[in-house]
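Enquirer: Got a structure for you, written out below as structure tokens; questions coming shortly.
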Amino acid sequence: MDTIASLFSFITTPVSWVIVQFHSVYGKIFGPDTGWAWGLSIVSLVILIRICLIPLFVKQIKATRAMQTLQPEMKKIQERYKSDKQRQSEEMMKLYKESGTNPLSSCLPILAQSPFFFALYHVLNGIATGKTIGVIDDQLLESARKAHIVGAPLAAKFTDGADKVASLGATLTDVRVVTAIMIIMMSASQFFTQRQLMTKNVDTTVKTPFMQQQKMLMYVFPVMFAVFGINFPVGVLVYWLTTNVWTMGQQMFVIRRNPTPGSKAQAAFLERLHKQVVHTKSVRGRGNTNVIKAIVAKGRDRNEFERKFINGLTKAGLVAQTDGTVVESDSTVVTETEDGTSAGGAPKRQQPKRQSKSKRQAAPAQGAAGATKADAVPDAKTSLEKSEAEPADDSPMTKQTGGDNKQGNKPGSGQRSRAKSGQQRKGQQRPKHPSSKK
């Protein structure tokens, strides 16, 4: 670790100078030899570094979301050229170039922060060994060695022996309890930061290998911090705990204000924005205006939460404009369904269904049958009166029907009536009784 820290010795002097400047301010308030003065100096150094890294953090967010968007295309390339690794790499680089995405952009804040971390470690290690480093002279060195944070010296480690801890004016129990608590807090903050990224700010509609990688890092990073943390001085633990808490708060702000499209965080954000817009009948804030502008520009490409937001404005009598503002609607506005098509408003004219050929031919026959049946009723009544007056005819037709001809027609009259009615069946005939054959 000392070898790695020595590689970043070029930045040791600036880091030590910043710490000394903060110490001079806090020393006037809490005392120059107190742990508060030196501990707050380290915390202020972290805050200053993270403020300077905000532009890189914004770039990291954009790069991470761009990588999430490209995951389906990357998976297709891997499957298509799985036997040709060189062609696969070429297609990947081509995809990155066309989309303007750099995979290393998501690691920029960590890479940019690493020199400051190793420089701070080098400074604190010099304090622990009693060596002046950077702008820290003998007087500041003695003051730093006297500083204790909740009973633990600034330069003490969890793995230090009792003799070394005693030389710093502390007990081994105090050092190990304080460092163990700080390591647990550092690992827990890292785990919570990664967990809220996975559970709230990931597009749930797309399942990609990137999500599996993030899930794995959620468990790997805390373990790494715990393993390496036992070799860090208390001052470095203060540095890492502060930067983890800053990252967690910064991420919570981004998730709340600028969530990933399709994530649960976006659903909660659009719900809050909907309530605010409906209540005030206007859009407040440049960020909210840009969000609505982007949603309107998507059109049919909107996700489920964005369509729900637009439909909610429509039900409230508001219409989102292309410039990100909303206006009240004077007439019924067409809403949007899940597939992006319009619905609501004035009813659309529906075209009649095209009938099949058999149905078109059956329609005239049914009309003729209705007319024939209406005309045939009086005839049937007259025939019935005749059958009551005259004796039953012993014709073959009468025998075939079993002597129970309800219409009382003469032989052949049934055929004529069926011809007139377009061969329409009057109903199913009763089957013959077996005894009738005898």
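Letters A, B, ... mark the chains of the structure tokens in the order given; residue numbers begin at 1 per chain; ligand numbers begin at 1, in order shown.
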Which residues in stretch 51-112 of chain A does DSSP call alpha helix (DSSP H)? List them as a PyMOL selection string.

Expert: chain A and resi 51-52+54-80+85-99+108-112

Enquirer: List the spatial neighbours of A:Val277 as a list in words - criterion: any atom at most 9 Å away, only C-alpha atoms, same-chain residues fewer than 6 positions off excluded.

Expert: Val283, Arg284, Leu313 and Val326 of chain A

Enquirer: Show me, as an MDAnalysis selection string, the residues that have an atom within 9 Å of stretch 29-33 of chain A when counting only C-alpha atoms, minus same-chain residues fewer than 2 positions from it.

Expert: chainID A and resid 23:27 35:38 140 142:148

Enquirer: Write a file of the just-selected residues containing all heavy atoms, as a compact mmCIF listing (two decimals), in the first residue's frame.

Expert:
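Output below, filename again_9.txt:
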# COMPACT_ATOMS: atom_id res chain seq x y z
N HIS A 23 -7.77 23.05 8.85
CA HIS A 23 -7.42 22.88 10.26
C HIS A 23 -7.23 24.22 10.95
O HIS A 23 -7.59 24.37 12.14
CB HIS A 23 -6.15 22.02 10.38
CG HIS A 23 -5.67 21.89 11.78
ND1 HIS A 23 -4.65 22.69 12.30
CD2 HIS A 23 -6.04 21.08 12.80
CE1 HIS A 23 -4.43 22.37 13.55
NE2 HIS A 23 -5.25 21.38 13.88
N SER A 24 -6.67 25.16 10.25
CA SER A 24 -6.49 26.48 10.85
C SER A 24 -7.81 27.15 11.17
O SER A 24 -7.91 27.92 12.14
CB SER A 24 -5.65 27.37 9.92
OG SER A 24 -6.34 27.58 8.69
N VAL A 25 -8.84 26.86 10.37
CA VAL A 25 -10.17 27.44 10.61
C VAL A 25 -10.85 26.72 11.77
O VAL A 25 -11.34 27.35 12.72
CB VAL A 25 -11.03 27.36 9.34
CG1 VAL A 25 -12.45 27.84 9.62
CG2 VAL A 25 -10.40 28.19 8.23
N TYR A 26 -10.90 25.39 11.72
CA TYR A 26 -11.58 24.63 12.77
C TYR A 26 -10.80 24.65 14.09
O TYR A 26 -11.39 24.48 15.16
CB TYR A 26 -11.78 23.18 12.31
CG TYR A 26 -12.75 23.05 11.16
CD1 TYR A 26 -12.34 22.48 9.95
CD2 TYR A 26 -14.07 23.50 11.26
CE1 TYR A 26 -13.21 22.35 8.89
CE2 TYR A 26 -14.94 23.38 10.19
CZ TYR A 26 -14.50 22.80 9.01
OH TYR A 26 -15.37 22.68 7.96
N GLY A 27 -9.46 24.85 14.02
CA GLY A 27 -8.67 24.91 15.24
C GLY A 27 -9.03 26.10 16.10
O GLY A 27 -8.91 26.03 17.34
N GLY A 35 -9.61 16.22 18.04
CA GLY A 35 -10.03 15.38 16.92
C GLY A 35 -11.08 16.06 16.06
O GLY A 35 -11.18 15.77 14.86
N TRP A 36 -11.89 16.94 16.62
CA TRP A 36 -12.89 17.67 15.85
C TRP A 36 -12.22 18.52 14.77
O TRP A 36 -12.69 18.57 13.63
CB TRP A 36 -13.74 18.54 16.76
CG TRP A 36 -14.77 17.78 17.54
CD1 TRP A 36 -14.70 17.42 18.86
CD2 TRP A 36 -16.00 17.28 17.04
NE1 TRP A 36 -15.81 16.73 19.22
CE2 TRP A 36 -16.64 16.62 18.12
CE3 TRP A 36 -16.63 17.30 15.80
CZ2 TRP A 36 -17.88 16.00 17.99
CZ3 TRP A 36 -17.86 16.68 15.68
CH2 TRP A 36 -18.47 16.04 16.75
N ALA A 37 -11.13 19.21 15.14
CA ALA A 37 -10.46 20.09 14.19
C ALA A 37 -9.86 19.30 13.03
O ALA A 37 -10.05 19.64 11.85
CB ALA A 37 -9.38 20.91 14.89
N TRP A 38 -9.16 18.19 13.35
CA TRP A 38 -8.55 17.40 12.29
C TRP A 38 -9.59 16.54 11.55
O TRP A 38 -9.50 16.37 10.33
CB TRP A 38 -7.47 16.50 12.87
CG TRP A 38 -6.22 17.25 13.24
CD1 TRP A 38 -5.86 17.68 14.48
CD2 TRP A 38 -5.20 17.68 12.34
NE1 TRP A 38 -4.66 18.35 14.43
CE2 TRP A 38 -4.23 18.36 13.12
CE3 TRP A 38 -5.00 17.56 10.97
CZ2 TRP A 38 -3.07 18.91 12.57
CZ3 TRP A 38 -3.84 18.10 10.42
CH2 TRP A 38 -2.90 18.77 11.21
N LEU A 140 2.68 20.84 13.38
CA LEU A 140 1.41 20.27 12.94
C LEU A 140 1.41 18.75 13.10
O LEU A 140 0.37 18.15 13.38
CB LEU A 140 1.15 20.65 11.48
CG LEU A 140 0.86 22.14 11.21
CD1 LEU A 140 0.80 22.39 9.71
CD2 LEU A 140 -0.45 22.55 11.87
N GLU A 142 2.94 17.02 15.48
CA GLU A 142 2.69 16.72 16.88
C GLU A 142 1.23 16.96 17.23
O GLU A 142 0.63 16.19 18.00
CB GLU A 142 3.60 17.59 17.75
CG GLU A 142 3.54 17.28 19.23
CD GLU A 142 4.06 15.89 19.56
OE1 GLU A 142 4.87 15.36 18.75
OE2 GLU A 142 3.68 15.32 20.61
N SER A 143 0.62 18.00 16.68
CA SER A 143 -0.79 18.27 16.94
C SER A 143 -1.68 17.17 16.37
O SER A 143 -2.66 16.77 17.01
CB SER A 143 -1.17 19.64 16.32
OG SER A 143 -2.56 19.88 16.46
N ALA A 144 -1.34 16.68 15.19
CA ALA A 144 -2.15 15.63 14.57
C ALA A 144 -2.03 14.31 15.33
O ALA A 144 -2.99 13.55 15.43
CB ALA A 144 -1.71 15.43 13.12
N ARG A 145 -0.85 14.03 15.90
CA ARG A 145 -0.67 12.80 16.64
C ARG A 145 -1.44 12.82 17.96
O ARG A 145 -1.80 11.77 18.49
CB ARG A 145 0.82 12.56 16.90
CG ARG A 145 1.59 12.18 15.65
CD ARG A 145 3.08 12.04 15.96
NE ARG A 145 3.35 10.92 16.86
CZ ARG A 145 3.52 9.66 16.48
NH1 ARG A 145 3.45 9.34 15.18
NH2 ARG A 145 3.78 8.70 17.35
N LYS A 146 -1.72 13.99 18.49
CA LYS A 146 -2.49 14.11 19.72
C LYS A 146 -4.00 14.03 19.48
O LYS A 146 -4.77 13.84 20.42
CB LYS A 146 -2.16 15.43 20.42
CG LYS A 146 -0.73 15.52 20.94
CD LYS A 146 -0.50 16.87 21.60
CE LYS A 146 0.93 16.99 22.12
NZ LYS A 146 1.17 18.33 22.74
N ALA A 147 -4.41 14.23 18.23
CA ALA A 147 -5.85 14.28 17.92
C ALA A 147 -6.46 12.89 18.01
O ALA A 147 -5.90 11.91 17.48
CB ALA A 147 -6.06 14.86 16.52
N HIS A 148 -7.58 12.79 18.69
CA HIS A 148 -8.31 11.53 18.84
C HIS A 148 -9.76 11.73 18.39
O HIS A 148 -10.37 12.74 18.72
CB HIS A 148 -8.29 11.03 20.29
CG HIS A 148 -6.95 10.54 20.73
ND1 HIS A 148 -5.87 11.37 20.86
CD2 HIS A 148 -6.52 9.29 21.09
CE1 HIS A 148 -4.83 10.67 21.28
NE2 HIS A 148 -5.20 9.40 21.42

Enquirer: Give me, as a PyMOL selection string, all polymer residues having an atom no more than 12 Å from A:Gly169, counting only C-alpha atoms and skipping those fewer than 2 positions away in the same chain.

Expert: chain A and resi 128+144-148+151-156+162-167+171-172+174-175

Enquirer: Quote the spacing between atom CA of A:Phe305 and atom CA of A:Asn290 in Å to one decimal place.

Expert: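 Between atom CA of A:Phe305 and atom CA of A:Asn290 the gap works out to 16.5 Å.
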
Enquirer: When you draw a straight line from atom CA of A:Met185 to atom CA of A:Ile255, how long is it in Å?

Expert: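 If I compute the distance from atom CA of A:Met185 to atom CA of A:Ile255, I get 22.1 Å.
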
Enquirer: Stretch 174-286 of chain A near stretch 39-62 of chain A within 8 Å: what's each residue's closest atom pair and its distance in Å to one decimal, counting only C-alpha atoms, ordered by chain then ascending residue number, as a tab-separated table?

Expert:
residue	atom	partner	partner_atom	distance
A:Gly235	CA	A:Gly39	CA	7.1
A:Val238	CA	A:Val43	CA	7.1
A:Tyr239	CA	A:Ile42	CA	6.3
A:Thr242	CA	A:Val43	CA	6.3
A:Thr243	CA	A:Val46	CA	6.3
A:Trp246	CA	A:Ile47	CA	7.8

Enquirer: Enumerate the residues of stretch 34-277 of chain A with a DSSP assignment of strand (DSSP E or B), computed from the backbone, and present them as a PyMOL selection string.

Expert: chain A and resi 133+136+148-149+152-153

Enquirer: Deliver the residues from the most recent selection as a file, using N, CA and C atoms, as a short mmCIF file (atom, residue, chain, number, x, y, z; two decimals), in the first residue's frame.

Expert:
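Output file again38.cif is given in full below:
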data_model
loop_
_atom_site.label_atom_id
_atom_site.label_comp_id
_atom_site.auth_asym_id
_atom_site.auth_seq_id
_atom_site.Cartn_x
_atom_site.Cartn_y
_atom_site.Cartn_z
N ILE A 133 5.42 15.54 6.11
CA ILE A 133 5.11 15.29 4.71
C ILE A 133 4.33 16.47 4.15
N ILE A 136 2.98 19.79 6.12
CA ILE A 136 2.82 19.49 7.54
C ILE A 136 4.21 19.45 8.19
N HIS A 148 -7.58 12.79 18.69
CA HIS A 148 -8.31 11.53 18.84
C HIS A 148 -9.76 11.73 18.39
N ILE A 149 -10.28 10.77 17.64
CA ILE A 149 -11.68 10.79 17.22
C ILE A 149 -12.41 9.73 18.02
N ALA A 152 -10.00 7.25 19.48
CA ALA A 152 -9.09 6.58 18.55
C ALA A 152 -8.19 7.61 17.87
N PRO A 153 -6.85 7.43 17.91
CA PRO A 153 -5.94 8.36 17.24
C PRO A 153 -6.20 8.43 15.74
#

Enquirer: Would you kindly return, as a PyMOL selection string, each protein, DNA or RNA residue with an atom no farther than 12 Å from any atom of A:Leu270, considering only C-alpha atoms and excluding same-chain residues fewer than 5 positions away?

Expert: chain A and resi 256-265+275-278+288+291-292+295+303-313

Enquirer: Save the residues we just selected, N, CA and C atoms, as an mmCIF file, in the first residue's frame?

Expert:
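What follows is the written file selection.cif:
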data_model
loop_
_atom_site.group_PDB
_atom_site.id
_atom_site.type_symbol
_atom_site.label_atom_id
_atom_site.label_comp_id
_atom_site.auth_asym_id
_atom_site.auth_seq_id
_atom_site.Cartn_x
_atom_site.Cartn_y
_atom_site.Cartn_z
ATOM 1 N N ARG A 256 -34.535 11.124 -7.135
ATOM 2 C CA ARG A 256 -35.786 11.844 -6.894
ATOM 3 C C ARG A 256 -36.078 12.870 -7.982
ATOM 4 N N ARG A 257 -35.045 13.538 -8.472
ATOM 5 C CA ARG A 257 -35.244 14.626 -9.423
ATOM 6 C C ARG A 257 -35.074 14.219 -10.886
ATOM 7 N N ASN A 258 -34.243 13.242 -11.145
ATOM 8 C CA ASN A 258 -33.967 12.847 -12.535
ATOM 9 C C ASN A 258 -33.848 11.330 -12.629
ATOM 10 N N PRO A 259 -34.944 10.618 -12.437
ATOM 11 C CA PRO A 259 -34.875 9.148 -12.413
ATOM 12 C C PRO A 259 -34.692 8.552 -13.799
ATOM 13 N N THR A 260 -34.319 7.295 -13.807
ATOM 14 C CA THR A 260 -34.165 6.565 -15.062
ATOM 15 C C THR A 260 -35.539 6.253 -15.663
ATOM 16 N N PRO A 261 -35.742 6.502 -16.966
ATOM 17 C CA PRO A 261 -37.038 6.189 -17.591
ATOM 18 C C PRO A 261 -37.392 4.716 -17.442
ATOM 19 N N GLY A 262 -38.655 4.462 -17.069
ATOM 20 C CA GLY A 262 -39.134 3.099 -16.904
ATOM 21 C C GLY A 262 -38.901 2.511 -15.530
ATOM 22 N N SER A 263 -38.290 3.263 -14.618
ATOM 23 C CA SER A 263 -37.995 2.757 -13.277
ATOM 24 C C SER A 263 -39.116 3.128 -12.308
ATOM 25 N N LYS A 264 -39.060 2.518 -11.117
ATOM 26 C CA LYS A 264 -40.035 2.852 -10.080
ATOM 27 C C LYS A 264 -39.871 4.289 -9.617
ATOM 28 N N ALA A 265 -38.639 4.777 -9.637
ATOM 29 C CA ALA A 265 -38.402 6.166 -9.252
ATOM 30 C C ALA A 265 -39.088 7.128 -10.221
ATOM 31 N N LYS A 275 -49.503 15.757 -9.538
ATOM 32 C CA LYS A 275 -50.251 16.445 -8.486
ATOM 33 C C LYS A 275 -49.936 17.936 -8.476
ATOM 34 N N GLN A 276 -48.650 18.262 -8.659
ATOM 35 C CA GLN A 276 -48.257 19.671 -8.641
ATOM 36 C C GLN A 276 -48.823 20.427 -9.839
ATOM 37 N N VAL A 277 -48.784 19.818 -11.021
ATOM 38 C CA VAL A 277 -49.280 20.492 -12.231
ATOM 39 C C VAL A 277 -50.793 20.655 -12.172
ATOM 40 N N VAL A 278 -51.507 19.627 -11.735
ATOM 41 C CA VAL A 278 -52.970 19.704 -11.649
ATOM 42 C C VAL A 278 -53.388 20.741 -10.614
ATOM 43 N N ASN A 288 -38.584 20.390 -14.432
ATOM 44 C CA ASN A 288 -39.889 19.781 -14.718
ATOM 45 C C ASN A 288 -40.344 20.089 -16.140
ATOM 46 N N VAL A 291 -38.592 17.791 -18.466
ATOM 47 C CA VAL A 291 -39.122 16.427 -18.374
ATOM 48 C C VAL A 291 -40.386 16.291 -19.218
ATOM 49 N N ILE A 292 -41.316 17.223 -19.072
ATOM 50 C CA ILE A 292 -42.568 17.168 -19.846
ATOM 51 C C ILE A 292 -42.276 17.331 -21.334
ATOM 52 N N ILE A 295 -41.110 14.025 -22.633
ATOM 53 C CA ILE A 295 -42.197 13.039 -22.704
ATOM 54 C C ILE A 295 -43.079 13.300 -23.924
ATOM 55 N N ASN A 303 -43.195 5.175 -22.293
ATOM 56 C CA ASN A 303 -43.399 3.970 -21.495
ATOM 57 C C ASN A 303 -44.716 4.057 -20.730
ATOM 58 N N GLU A 304 -44.983 3.054 -19.934
ATOM 59 C CA GLU A 304 -46.264 2.958 -19.222
ATOM 60 C C GLU A 304 -46.497 4.137 -18.290
ATOM 61 N N PHE A 305 -45.476 4.545 -17.547
ATOM 62 C CA PHE A 305 -45.630 5.631 -16.577
ATOM 63 C C PHE A 305 -45.832 6.975 -17.266
ATOM 64 N N GLU A 306 -45.174 7.163 -18.397
ATOM 65 C CA GLU A 306 -45.315 8.428 -19.139
ATOM 66 C C GLU A 306 -46.693 8.543 -19.778
ATOM 67 N N ARG A 307 -47.222 7.418 -20.304
ATOM 68 C CA ARG A 307 -48.583 7.455 -20.850
ATOM 69 C C ARG A 307 -49.606 7.729 -19.755
ATOM 70 N N LYS A 308 -49.387 7.141 -18.592
ATOM 71 C CA LYS A 308 -50.295 7.379 -17.469
ATOM 72 C C LYS A 308 -50.265 8.844 -17.052
ATOM 73 N N PHE A 309 -49.096 9.466 -17.101
ATOM 74 C CA PHE A 309 -48.969 10.884 -16.753
ATOM 75 C C PHE A 309 -49.722 11.768 -17.743
ATOM 76 N N ILE A 310 -49.553 11.498 -19.042
ATOM 77 C CA ILE A 310 -50.237 12.293 -20.067
ATOM 78 C C ILE A 310 -51.749 12.115 -19.973
ATOM 79 N N ASN A 311 -52.213 10.885 -19.769
ATOM 80 C CA ASN A 311 -53.653 10.634 -19.636
ATOM 81 C C ASN A 311 -54.219 11.286 -18.379
ATOM 82 N N GLY A 312 -53.409 11.340 -17.316
ATOM 83 C CA GLY A 312 -53.862 12.006 -16.103
ATOM 84 C C GLY A 312 -54.057 13.499 -16.314
ATOM 85 N N LEU A 313 -53.165 14.122 -17.070
ATOM 86 C CA LEU A 313 -53.343 15.541 -17.402
ATOM 87 C C LEU A 313 -54.586 15.745 -18.251
#

Enquirer: Which of these residues is nearest to A:Val135, using only C-alpha atoms: A:Ala66, A:Leu108, A:Ala267, A:Val18?

Expert: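 Selected residue with least distance to A:Val135: A:Val18.
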